[in-house]
Structures are given as structure tokens and as C-alpha cells.
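One file, final_21.txt, is given below (compact mmCIF, C-alpha atoms and all ligand atoms).
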```
# COMPACT_ATOMS: atom_id res chain seq x y z
CA MET A 24 -168.24 61.76 211.61
CA LYS A 25 -170.81 59.38 210.20
CA ALA A 26 -170.70 59.22 206.41
CA LEU A 27 -173.89 57.21 206.20
CA GLU A 28 -176.61 56.29 208.66
CA ILE A 29 -179.44 54.05 207.56
CA ASP A 30 -182.38 53.32 209.85
CA ASN A 31 -185.12 50.84 209.07
CA LEU A 32 -184.80 51.23 205.32
CA SER A 33 -187.55 49.41 203.45
CA VAL A 34 -188.15 49.25 199.71
CA THR A 35 -191.32 47.74 198.27
CA PHE A 36 -191.79 47.27 194.54
CA HIS A 37 -195.35 47.53 193.31
CA GLY A 38 -196.28 45.40 190.33
CA LYS A 39 -199.73 44.41 189.18
CA GLY A 40 -200.47 42.25 192.21
CA LYS A 41 -199.51 43.01 195.77
CA GLY A 42 -196.25 44.75 196.62
CA PHE A 43 -192.96 42.89 196.92
CA ALA A 44 -190.81 43.87 199.91
CA ALA A 45 -187.31 43.66 198.41
CA VAL A 46 -185.68 45.36 201.44
CA GLY A 47 -187.09 45.46 204.97
CA ASP A 48 -185.87 47.26 208.09
CA VAL A 49 -182.23 47.48 207.06
CA SER A 50 -180.09 49.58 209.44
CA PHE A 51 -176.34 50.24 209.47
CA VAL A 52 -173.83 53.01 210.08
CA VAL A 53 -170.71 53.79 208.05
CA GLU A 54 -168.06 56.01 209.61
CA GLU A 55 -166.23 58.49 207.39
CA GLY A 56 -163.16 56.99 205.72
CA GLN A 57 -164.31 53.39 206.09
CA THR A 58 -164.97 50.73 203.51
CA PHE A 59 -168.23 49.08 204.48
CA GLY A 60 -169.22 45.75 202.94
CA LEU A 61 -172.69 44.64 201.91
CA ILE A 62 -172.70 40.89 201.40
CA GLY A 63 -175.33 38.34 200.50
CA PRO A 64 -176.76 35.99 197.90
CA SER A 65 -178.18 37.07 194.57
CA GLY A 66 -181.53 38.81 194.96
CA CYS A 67 -181.15 39.64 198.68
CA GLY A 68 -181.47 43.38 198.03
CA LYS A 69 -177.91 44.75 197.85
CA THR A 70 -178.32 46.78 194.67
CA THR A 71 -181.73 47.97 195.89
CA VAL A 72 -180.11 49.41 199.03
CA LEU A 73 -177.41 51.18 196.98
CA ARG A 74 -179.93 52.62 194.51
CA ALA A 75 -181.91 54.14 197.37
CA ILE A 76 -178.77 55.75 198.84
CA ALA A 77 -177.74 57.04 195.39
CA GLY A 78 -181.17 58.60 194.87
CA LEU A 79 -181.83 56.46 191.79
CA ASN A 80 -184.89 55.02 193.50
CA THR A 81 -186.70 57.48 195.74
CA GLN A 82 -189.55 55.16 196.71
CA TRP A 83 -188.45 53.95 200.12
CA ASP A 84 -189.38 54.20 203.80
CA GLY A 85 -187.18 54.76 206.82
CA SER A 86 -184.27 57.14 207.14
CA ILE A 87 -181.08 57.70 205.11
CA GLN A 88 -178.59 60.30 206.29
CA VAL A 89 -175.48 61.13 204.29
CA PHE A 90 -172.88 63.22 206.15
CA GLY A 91 -175.60 64.28 208.56
CA GLU A 92 -178.02 65.37 205.86
CA ALA A 93 -181.30 63.47 205.55
CA LEU A 94 -182.46 62.30 202.13
CA GLN A 95 -186.17 62.77 201.53
CA PRO A 96 -188.14 59.82 200.18
CA GLY A 97 -190.02 60.70 197.00
CA ARG A 98 -187.59 63.52 196.16
CA LYS A 99 -184.51 63.65 193.98
CA ILE A 100 -181.24 64.41 195.73
CA ALA A 101 -180.39 68.08 195.27
CA GLY A 102 -177.45 70.38 195.84
CA ALA A 103 -173.95 69.34 196.88
CA LEU A 104 -175.09 65.91 198.04
CA ARG A 105 -175.83 64.96 194.44
CA SER A 106 -172.17 65.21 193.47
CA ASN A 107 -171.03 63.79 196.79
CA ILE A 108 -172.75 60.44 196.29
CA GLN A 109 -171.66 58.49 193.23
CA MET A 110 -172.19 54.89 192.22
CA VAL A 111 -170.16 52.45 190.15
CA PHE A 112 -172.56 49.95 188.63
CA GLN A 113 -172.55 46.17 188.67
CA ASP A 114 -172.22 45.86 184.89
CA PRO A 115 -169.88 48.50 183.43
CA TYR A 116 -170.77 47.56 179.87
CA SER A 117 -174.44 48.43 180.16
CA SER A 118 -173.75 51.52 182.27
CA LEU A 119 -171.60 53.16 179.56
CA HIS A 120 -173.52 54.54 176.59
CA PRO A 121 -172.49 52.33 173.61
CA ARG A 122 -172.67 55.07 170.96
CA HIS A 123 -170.75 57.73 172.82
CA ARG A 124 -166.99 58.12 172.92
CA ILE A 125 -165.33 57.93 176.34
CA ARG A 126 -164.58 61.68 176.13
CA HIS A 127 -168.32 62.38 175.93
CA ILE A 128 -169.31 59.81 178.57
CA LEU A 129 -166.85 61.24 181.08
CA GLY A 130 -167.37 64.89 180.19
CA GLU A 131 -171.17 64.95 180.23
CA PRO A 132 -171.77 65.49 183.97
CA LEU A 133 -169.21 68.32 183.92
CA THR A 134 -170.69 69.90 180.79
CA ILE A 135 -174.11 69.87 182.47
CA ARG A 136 -172.55 71.70 185.41
CA ARG A 137 -170.90 74.22 183.00
CA HIS A 138 -167.39 73.25 184.01
CA PRO A 139 -164.91 75.60 182.24
CA ASP A 140 -162.32 72.99 181.20
CA VAL A 141 -163.97 69.63 180.65
CA GLU A 142 -161.21 68.20 178.42
CA THR A 143 -158.48 68.71 181.04
CA GLU A 144 -160.65 67.16 183.74
CA VAL A 145 -161.42 64.15 181.53
CA LEU A 146 -157.75 63.55 180.73
CA THR A 147 -156.80 63.93 184.39
CA ALA A 148 -159.48 61.43 185.40
CA LEU A 149 -158.23 58.90 182.82
CA ASP A 150 -154.70 59.36 184.08
CA GLN A 151 -155.81 58.83 187.69
CA VAL A 152 -157.26 55.43 186.82
CA GLY A 153 -154.18 54.47 184.84
CA LEU A 154 -155.58 54.87 181.31
CA PRO A 155 -153.81 56.68 178.44
CA ALA A 156 -155.31 59.84 176.92
CA SER A 157 -155.99 57.95 173.67
CA VAL A 158 -158.85 56.11 175.42
CA ALA A 159 -160.86 59.37 175.29
CA GLY A 160 -161.42 58.91 171.54
CA ARG A 161 -162.67 55.33 171.79
CA TYR A 162 -166.10 53.75 172.21
CA PRO A 163 -166.85 51.39 175.14
CA HIS A 164 -166.80 48.27 172.91
CA GLN A 165 -163.23 49.14 171.87
CA LEU A 166 -162.00 48.66 175.46
CA SER A 167 -161.28 45.56 177.54
CA GLY A 168 -163.47 44.72 180.54
CA GLY A 169 -160.85 46.03 182.96
CA GLN A 170 -160.46 49.27 180.96
CA ARG A 171 -164.23 49.76 180.93
CA GLN A 172 -164.34 49.30 184.69
CA ARG A 173 -161.60 51.93 185.04
CA VAL A 174 -163.68 54.29 182.87
CA ALA A 175 -166.70 53.65 185.12
CA ILE A 176 -164.58 54.48 188.18
CA ALA A 177 -163.18 57.60 186.47
CA ARG A 178 -166.72 58.77 185.71
CA ALA A 179 -167.77 58.36 189.33
CA LEU A 180 -164.67 60.23 190.52
CA LEU A 181 -165.04 63.23 188.20
CA LEU A 182 -167.58 64.86 190.49
CA LYS A 183 -165.21 64.37 193.45
CA PRO A 184 -167.66 62.39 195.60
CA LYS A 185 -167.17 61.86 199.30
CA LEU A 186 -169.22 58.66 199.30
CA LEU A 187 -168.65 56.07 196.58
CA LEU A 188 -171.10 53.18 196.20
CA LEU A 189 -169.45 50.23 194.48
CA ASP A 190 -171.77 47.50 193.21
CA GLU A 191 -169.69 44.37 192.56
CA PRO A 192 -166.99 46.49 190.93
CA THR A 193 -164.79 43.55 189.95
CA SER A 194 -167.11 40.58 189.55
CA ALA A 195 -166.99 40.75 185.73
CA LEU A 196 -163.19 40.68 185.67
CA ASP A 197 -160.64 37.91 185.89
CA VAL A 198 -158.65 37.52 189.08
CA SER A 199 -155.47 39.39 188.11
CA VAL A 200 -157.42 42.41 186.81
CA GLN A 201 -159.65 42.26 189.92
CA ALA A 202 -156.67 42.77 192.19
CA GLU A 203 -155.45 45.71 190.08
CA ILE A 204 -158.83 47.45 190.25
CA LEU A 205 -159.21 46.84 194.01
CA ASN A 206 -155.75 48.27 194.67
CA LEU A 207 -156.55 51.22 192.44
CA LEU A 208 -159.75 51.85 194.43
CA ASN A 209 -157.85 51.72 197.71
CA ASP A 210 -155.25 54.21 196.40
CA LEU A 211 -157.95 56.58 195.14
CA LYS A 212 -159.80 56.30 198.44
CA GLN A 213 -156.67 57.43 200.28
CA SER A 214 -155.81 60.27 197.91
CA HIS A 215 -159.41 61.58 197.63
CA GLY A 216 -160.40 60.96 201.25
CA MET A 217 -163.49 58.96 200.30
CA THR A 218 -165.82 56.55 202.09
CA PHE A 219 -166.84 53.34 200.29
CA VAL A 220 -169.85 51.08 200.46
CA LEU A 221 -168.82 47.92 198.63
CA VAL A 222 -171.22 45.22 197.48
CA SER A 223 -169.59 41.89 196.86
CA HIS A 224 -170.38 38.21 197.09
CA ASP A 225 -166.67 37.37 197.13
CA PRO A 226 -165.38 36.67 200.70
CA GLY A 227 -161.79 37.33 199.62
CA VAL A 228 -162.66 40.76 198.23
CA VAL A 229 -164.63 41.71 201.34
CA ALA A 230 -161.94 40.52 203.75
CA HIS A 231 -159.28 42.42 201.75
CA MET A 232 -161.21 45.68 201.40
CA CYS A 233 -163.66 46.16 204.27
CA ASP A 234 -163.44 47.54 207.81
CA ASN A 235 -166.98 46.43 208.68
CA ALA A 236 -169.79 44.69 206.90
CA VAL A 237 -173.30 43.33 207.13
CA THR A 238 -174.62 40.21 205.49
CA MET A 239 -178.13 40.31 204.05
CA GLN A 240 -180.67 37.55 203.55
CA ALA A 241 -183.97 38.03 201.73
CA GLY A 242 -183.99 41.79 202.18
CA HIS A 243 -182.93 41.86 205.84
CA VAL A 244 -179.67 42.33 207.70
CA ASP A 245 -178.56 38.92 208.84
CA ARG A 246 -175.19 39.46 210.55
CA VAL A 247 -173.05 42.42 211.55
CA LEU A 248 -169.33 41.81 211.03
CA ASP A 249 -166.47 43.84 212.47
CA ARG A 250 -162.88 43.70 211.22
CA ALA A 251 -162.03 40.73 213.46
CA ALA A 252 -165.05 38.75 212.28
CA LEU A 253 -164.18 39.53 208.66
CA ALA A 254 -160.59 38.43 209.14
CA ALA A 255 -161.66 35.24 210.92
CA GLY A 256 -163.87 34.26 207.95
CA GLY A 257 -166.51 31.60 208.14
CA TRP A 258 -169.37 34.08 207.79
CA GLU A 259 -169.85 33.27 204.11
CA SER A 260 -171.46 29.92 204.90
CA HIS A 261 -174.08 31.34 207.27
N1 LIG B 301 -187.44 47.54 189.75
C1 LIG B 301 -187.79 46.39 190.34
N2 LIG B 301 -189.07 45.96 190.31
C2 LIG B 301 -189.44 44.82 190.93
N3 LIG B 301 -188.60 44.02 191.61
C3 LIG B 301 -187.32 44.38 191.67
C4 LIG B 301 -186.84 45.58 191.04
N4 LIG B 301 -185.50 45.68 191.29
C5 LIG B 301 -185.17 44.61 192.02
N5 LIG B 301 -186.25 43.82 192.25
C6 LIG B 301 -186.28 42.59 193.06
O1 LIG B 301 -185.79 42.90 194.34
C7 LIG B 301 -184.97 41.84 194.84
C8 LIG B 301 -183.59 42.40 195.19
O2 LIG B 301 -182.93 42.77 194.00
P1 LIG B 301 -181.45 43.35 194.00
O3 LIG B 301 -181.14 43.72 192.60
O4 LIG B 301 -181.36 44.39 195.03
O5 LIG B 301 -180.60 42.09 194.45
P2 LIG B 301 -179.03 41.92 194.64
O6 LIG B 301 -178.80 41.53 196.05
O7 LIG B 301 -178.34 43.13 194.13
O8 LIG B 301 -178.72 40.67 193.70
P3 LIG B 301 -177.44 40.36 192.74
O9 LIG B 301 -176.36 39.84 193.66
O10 LIG B 301 -177.95 39.30 191.82
O11 LIG B 301 -177.08 41.61 192.03
C9 LIG B 301 -184.95 40.78 193.77
O12 LIG B 301 -185.93 39.80 194.09
C10 LIG B 301 -185.35 41.53 192.51
O13 LIG B 301 -186.00 40.69 191.59
MG MG B 302 -177.09 43.51 192.53
```
Kindly return the structure encoded in the file as C-alpha cells.
Ligand SMILES: Nc1ncnc2c1ncn2[C@@H]1O[C@H](COP(=O)(O)OP(=O)(O)OP(=O)(O)O)[C@@H](O)[C@H]1O
Ligand SMILES: [Mg+2]
Amino acid sequence: MKALEIDNLSVTFHGKGKGFAAVGDVSFVVEEGQTFGLIGPSGCGKTTVLRAIAGLNTQWDGSIQVFGEALQPGRKIAGALRSNIQMVFQDPYSSLHPRHRIRHILGEPLTIRRHPDVETEVLTALDQVGLPASVAGRYPHQLSGGQRQRVAIARALLLKPKLLLLDEPTSALDVSVQAEILNLLNDLKQSHGMTFVLVSHDPGVVAHMCDNAVTMQAGHVDRVLDRAALAAGGWESH
């Protein structure tokens, strides 16, 4: 089954002057269970594509289908799809509320959904990402970068998504912690049966993680890379 099918996705930002086409005619397909890479230089539109899929920006043209269900431009994502698509953000520090304890940050989406046992779910999620229960009582600034990234992953997992959008999930971390987080993501993908879309500018990360990928340039798809092309390398210089 196709987890994600994007056809001619375009996103134009409207400022005071004329519109700026940040993404134009982007198309790709992600099969269920795959890790799909989105690669390209800073400003080429990677985060913009993910935000459209996540429903954080609804101002787009084209077609986005998630597990066969079409998202509607201009409308918030509703129903089961909302839990099924989760995003881990590029900068975990700014995506975690600084004045809330981890317990609150993780529990909030469940509390909103009137989950009967939020505390147990929060502690289970921390355990799944390899963090001790004591982290629940801390604030984001009391954690290391790698621990914060684990919290961000735990938060995305709490709603048991089928599609996880990962925006440079390890770029803020040093190399040894990067490898830990990537392996953790791969383990969680297996155990939860998820599909990943992974944004990265790091050829090593993409080659290690991805089954397929596209490179983007100035808002457009530049190259389509299968597993063999990823393994062969060389695409990063194009
Ligand atoms: N809300 C916005 N309003 C106007 N322009 C925007 C907005 N968000 C992004 N852009 C512009 O759209 C383009 C693509 O931005 P985007 O954040 O998608 O890039 P990116 O590929 O994720 O880059 P990076 O690797 O640096 O994170 C950039 O030129 C950016 O300045
Ligand atoms: Mg980005």
C-alpha cells in the first residue's frame, strides 16, 4: 500500500509583494514501511513539503494522499489521520515548550483526547526512547540535546502514528549521539510498523536510513534515487 502519494505539490508564500513559490510541482510516492529521504540544500523547500503533509500549512496546491486518503487544501486534517501523521521538528529546543515539564509536554495531546491513563502512557513513551522516568519531572533546558531529541521523538510516538515526518532529526547532535538516535528510530519503526519521511542534508545519514529518496533544488525535485543509487553515492555533489 502507498503510505504517501504527492502529485504536483506547490506552495506559494504571499508577502507584501508578489508571491514566492517555495515549492513547485513536487511529486513522489512512499510505500508503506519505507524510509523515504528528502535531500537538498538549505532553503530548497524540504521543511515546507513536510509542513504541508503534516497539515501545519494548509495553503498548497496539488494533491497529497496519506494511506489513500486525500488531504484537502485550506482545511485542517481531521479524524484518525491527524494522529496518524506526526512530525519531529528540525530544532527540538524550540519545539518543546520551555516552561512546561516533560510530563506536561508529552501528556498534553493525550489529555486533549481524554486518554484515561496519561501518566502511564508518558512513562511508557519515555522508556521506549531510552529515558528514565525521572525525566518526566524536568524542564527542557535541564536535558542534554540528545535527551531533548528523544523527548521530541517520544512526543511524536505517543499518538501511535503510521507516518512519521522527521525534519533533520539529528543535525543538532554530535556524531556518536546521532548514531544512537538513528538506531533508535530504526528500532521504533520496526516495532511500531511505521513509515518515515526523513529530511537530511547528510549523505551518510540518508545512505544509512533510506530505501528511496529525492533530491530537491530551489523548490523542485531534481533527482530520484533508488536504493542502489543511494548506496553508490555521488548524488550529493549534483
Ligand atoms: N512562512 C514563510 N513565509 C515566507 N517564506 C517562507 C516561509 N517558510 C519558508 N519560506 C521560504 O521558503 C523557502 C524554503 O524554506 P524551507 O524552510 O522549506 O527550506 P529547507 O529546505 O527546509 O531549508 P533548511 O535546510 O535550511 O531547513 C525558503 O526560501 C524560505 O525562506
Ligand atoms: Mg528545513
Please report the interatomic distance between atom CA of A:Thr143 and atom CA of A:Lys212 in Å with one decimal.
21.4 Å
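The interatomic distance for the pair atom CA of A:Gly56 and atom CA of A:Phe219 works out to 7.5 Å.
Residue nearest A:Gln113, chosen from A:Ser214, A:Gln165, A:Gln240, A:Thr70 and counting all atoms listed in the file: A:Thr70.
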Considering all atoms listed in the file, give me a table of residues in chain A that are at most 6 Å from ligand LIG 301 (chain B), with the closest atom pair and distance in Å for each, as a tab-separated table.
```
residue	atom	partner	partner_atom	distance
A:Phe36	CA	B:LIG301	C2	5.0
A:Ala45	CA	B:LIG301	O1	4.4
A:Pro64	CA	B:LIG301	O9	5.7
A:Ser65	CA	B:LIG301	O9	3.4
A:Gly66	CA	B:LIG301	O5	3.4
A:Cys67	CA	B:LIG301	O6	4.0
A:Gly68	CA	B:LIG301	O4	3.2
A:Lys69	CA	B:LIG301	O6	3.8
A:Thr70	CA	B:LIG301	O7	3.7
A:Thr71	CA	B:LIG301	O4	3.7
```
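Rounded to one decimal, atom CA of A:Ile76 and atom CA of A:Met239 lie 16.3 Å from each other.
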Would you pick out the contacts of stretch 121-132 of chain A at 10 Å or less, using only C-alpha atoms, so that residues sharing its chain but fewer than 4 positions from it are not included, and give the list as an MDAnalysis selection string?
chainID A and resid 106 116:117 136:138 140:146 148:149 156:166 171 174:175 177:182
Go ahead and find all residues with at least one atom no further than 10 Å from (-163.8, 43.8, 205.5) in the file's coordinates, using all atoms listed in the file; report them as a compact mmCIF listing (two decimals) with C-alpha atoms, keeping the file's coordinate frame.
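Writing the result to out_19.txt gives the following:
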```
# COMPACT_ATOMS: atom_id res chain seq x y z
CA GLN A 57 -164.31 53.39 206.09
CA THR A 58 -164.97 50.73 203.51
CA PHE A 59 -168.23 49.08 204.48
CA GLY A 60 -169.22 45.75 202.94
CA LEU A 61 -172.69 44.64 201.91
CA LEU A 221 -168.82 47.92 198.63
CA PRO A 226 -165.38 36.67 200.70
CA GLY A 227 -161.79 37.33 199.62
CA VAL A 228 -162.66 40.76 198.23
CA VAL A 229 -164.63 41.71 201.34
CA ALA A 230 -161.94 40.52 203.75
CA HIS A 231 -159.28 42.42 201.75
CA MET A 232 -161.21 45.68 201.40
CA CYS A 233 -163.66 46.16 204.27
CA ASP A 234 -163.44 47.54 207.81
CA ASN A 235 -166.98 46.43 208.68
CA ALA A 236 -169.79 44.69 206.90
CA VAL A 237 -173.30 43.33 207.13
CA LEU A 248 -169.33 41.81 211.03
CA ASP A 249 -166.47 43.84 212.47
CA ARG A 250 -162.88 43.70 211.22
CA ALA A 251 -162.03 40.73 213.46
CA ALA A 252 -165.05 38.75 212.28
CA LEU A 253 -164.18 39.53 208.66
CA ALA A 254 -160.59 38.43 209.14
CA GLY A 256 -163.87 34.26 207.95
```
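When all atoms listed in the file are used to measure the gap to ligand MG 302 (chain B), the shortest distance among A:Met24, A:Leu73, A:Ala44, A:Ala255 belongs to A:Leu73.
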Proximity to A:Leu94 - best of A:Ser199, A:Gln109, A:Gln82, A:Gln170, only C-alpha atoms:
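Under the stated criterion, the closest residue is A:Gln82.
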Non-local contacts of A:Leu207 (12 Å; all atoms listed in the file; under 4 positions in same chain excluded) as a PDB file with C-alpha atoms, keeping the file's coordinate frame:
```
ATOM      1  CA  ASP A 150    -154.700  59.360 184.080  1.00  0.00           C
ATOM      2  CA  GLN A 151    -155.810  58.830 187.690  1.00  0.00           C
ATOM      3  CA  VAL A 152    -157.260  55.430 186.820  1.00  0.00           C
ATOM      4  CA  GLY A 153    -154.180  54.470 184.840  1.00  0.00           C
ATOM      5  CA  LEU A 154    -155.580  54.870 181.310  1.00  0.00           C
ATOM      6  CA  GLY A 169    -160.850  46.030 182.960  1.00  0.00           C
ATOM      7  CA  GLN A 172    -164.340  49.300 184.690  1.00  0.00           C
ATOM      8  CA  ARG A 173    -161.600  51.930 185.040  1.00  0.00           C
ATOM      9  CA  ILE A 176    -164.580  54.480 188.180  1.00  0.00           C
ATOM     10  CA  ALA A 177    -163.180  57.600 186.470  1.00  0.00           C
ATOM     11  CA  PRO A 192    -166.990  46.490 190.930  1.00  0.00           C
ATOM     12  CA  THR A 193    -164.790  43.550 189.950  1.00  0.00           C
ATOM     13  CA  VAL A 200    -157.420  42.410 186.810  1.00  0.00           C
ATOM     14  CA  GLN A 201    -159.650  42.260 189.920  1.00  0.00           C
ATOM     15  CA  ALA A 202    -156.670  42.770 192.190  1.00  0.00           C
ATOM     16  CA  GLU A 203    -155.450  45.710 190.080  1.00  0.00           C
ATOM     17  CA  LEU A 211    -157.950  56.580 195.140  1.00  0.00           C
ATOM     18  CA  LYS A 212    -159.800  56.300 198.440  1.00  0.00           C
ATOM     19  CA  GLN A 213    -156.670  57.430 200.280  1.00  0.00           C
ATOM     20  CA  SER A 214    -155.810  60.270 197.910  1.00  0.00           C
ATOM     21  CA  HIS A 215    -159.410  61.580 197.630  1.00  0.00           C
ATOM     22  CA  MET A 232    -161.210  45.680 201.400  1.00  0.00           C
TER      23      MET A 232
END
```
Counting all atoms listed in the file, find the residues whose atoms lie at most 6 Å from (-180.6, 60.2, 194.8) (file coordinates) and write them out as a list in words.
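Output of the proximity query reads Ala77, Gly78, Leu79, Lys99 and Ile100 of chain A.
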